[in-house]
Amino acid sequence: GTAPMTIIDSQVHAYEANTPKRPWHSVPNWPAHVTGDEMVAAMDKVGVDGAIFISAFSLYRFDASYAVEVQRAHPGRLAIVKPVDPDNPGVDEVVAEWKKTPGAVGIRIMLTKENGWAPGHPGLDRIARAAVRYDFPLNLHCWDNLDNGIALIDRHPDTRFIIDHLGIQQPRTPPAPAEPWAALPKVLDLAKRKNAVIKVSGACTLSKQPYPFPDIWDP
C-alpha cells in the first residue's frame with residue numbers, strides 16, 4: 001500500500017524546432033525537436049515522475065522563455081533552471097526576477113573554457129553572491145575547466161554549488177574518450193567541500209559498452 005519511490009531526472013533539455021520564431025544560437029547534433037510535451041510523454045513511457053529542466057544554453061543562451069512556457073504547461077512535472085550571464089552587470093536583478101518565476105529551482109553558470117570566464121571575473125562573483133541572496137543552488141558546468149570551477153567554489157563557501165555532468169567532459173557523439181576518467185581524482189577531491197554536490201548526468205556517454213554500461217560503475 002505504500003507509494004513507489006519518486007524518480008526525478010536530474011537534467012533534461014526540451015526545445016522547439018529551429019525556426020525564426022525562436023531561432024537556435026547553434027545547431028548541435030541533437031534531434032530536430034524535443035518539445036516539452038514530447039519530453040513529458042517520454043518520461044511517462046519510462047516511469048519518470050519529474051525532471052529538472054535546464055534551459056538549453058547551446059540553443060537559447062540566456063533566454064529561458066521556452067522553459068518558462070513548458071513549466072507553465074506541465075507545472076507538476078518539470079522544475080526549471082536558467083543560465084545567467086557573468087558579463088551582464090545587472091545579473092543580480094535577473095536572478096531576483098527568476099526567483100519570482102513559478103517552478104524556478106536554480107541558476108547555472110557555463111564555466112567551460114570556450115566561454116572564457118576566468119575565476120577572477122567579477123560577474124562570476126556577482127552570480128555566486130546572488131545565489132545566496134535569493135536562496136538558489138548554483139549549477140556549475142565546468143567539465144573542461146575543473147580547476148577554475150574549484151577556485152570559484154572555494155571563493156564562495158556560502159554558495160551551494162551543483163557540479164554538472166560529474167565535472168567530467170562527455171562526448172556529444174560516441175566513442176567515449178580513451179581515458180574518460182582522467183579528471184576523476186579532482187572530482188573526488190570536491191567531496192571535501194561542504195558547499196558542493198555532484199550531479200550524475202550524461203554518465204553513459206563515458207561508457208565503451210552498451211546498456212547497462214558495466215565499465216562505468218566502478219568509477
# chains A, B, ... in the order shown; residues from 1 in each chain; ligands from 1

call {"tool": "residues_around", "arguments": {"residues": "Asn145 in chain A", "least_positions_apart": "3", "cutoff": "12 Å", "atoms": "only C-alpha atoms", "output": "PyMOL selection string"}}
result
chain A and resi 110-119+140-142+148-152+163-164+167-169+183+186-187

call {"tool": "write_last_selection", "arguments": {"atoms": "C-alpha atoms", "output": "compact mmCIF listing (two decimals), in the first residue's frame"}}
result
# COMPACT_ATOMS: atom_id res chain seq x y z
CA MET A 110 28.53 27.81 -18.17
CA LEU A 111 32.14 27.91 -16.96
CA THR A 112 33.66 26.00 -19.87
CA LYS A 113 36.91 27.13 -21.46
CA GLU A 114 35.20 28.17 -24.68
CA ASN A 115 33.22 30.84 -22.84
CA GLY A 116 36.39 32.44 -21.49
CA TRP A 117 35.28 33.44 -17.97
CA ALA A 118 38.22 33.18 -15.56
CA PRO A 119 37.75 32.76 -11.79
CA LEU A 140 28.26 24.88 -12.44
CA HIS A 141 29.14 23.45 -15.85
CA CYS A 142 32.95 23.32 -15.85
CA ASN A 148 38.63 27.22 -12.41
CA GLY A 149 35.40 25.71 -11.15
CA ILE A 150 37.10 24.60 -7.93
CA ALA A 151 38.58 28.08 -7.46
CA LEU A 152 35.10 29.61 -7.71
CA ILE A 163 28.65 20.26 -10.36
CA ASP A 164 27.02 19.40 -13.68
CA GLY A 167 32.53 17.56 -13.68
CA ILE A 168 33.95 15.27 -16.38
CA GLN A 169 33.96 16.12 -20.08
CA ALA A 183 39.76 14.01 -14.09
CA LYS A 186 39.94 16.16 -8.92
CA VAL A 187 36.22 15.48 -8.87

call {"tool": "select_by_dssp", "arguments": {"residues": "range 148-214 of chain A", "states": "strand (DSSP E or B)", "output": "number ranges by chain"}}
result
A: 161-163, 196-198

call {"tool": "closest_residue", "arguments": {"among": "A:Tyr60, A:Ile7, A:Asp215, A:Val46", "to": "Pro28 in chain A", "atoms": "only C-alpha atoms"}}
result
A:Tyr60

call {"tool": "residues_around", "arguments": {"residues": "range 61-68 of chain A", "least_positions_apart": "4", "cutoff": "12 Å", "atoms": "only C-alpha atoms", "output": "PyMOL selection string"}}
result
chain A and resi 12-17+21-26+34-37+39+52-57+72-75+78-88+91+94-95+98+100-105+107-110+115

call {"tool": "closest_residue", "arguments": {"among": "A:Ile127, A:Val70, A:Ile198, A:Leu59", "to": "Gly90 in chain A", "atoms": "only C-alpha atoms"}}
result
A:Ile127

call {"tool": "atom_distance", "arguments": {"atom1": "CA of Glu97 in chain A", "atom2": "CA of Lys194 in chain A"}}
result
27.8 Å

call {"tool": "atom_distance", "arguments": {"atom1": "CA of Pro89 in chain A", "atom2": "CA of Gly123 in chain A"}}
result
7.0 Å

call {"tool": "atom_distance", "arguments": {"atom1": "CA of Trp30 in chain A", "atom2": "CA of Ser207 in chain A"}}
result
19.3 Å

call {"tool": "closest_residue", "arguments": {"among": "A:Cys204, A:Val48, A:Leu146, A:Val132", "to": "Pro185 in chain A", "atoms": "only C-alpha atoms"}}
result
A:Leu146
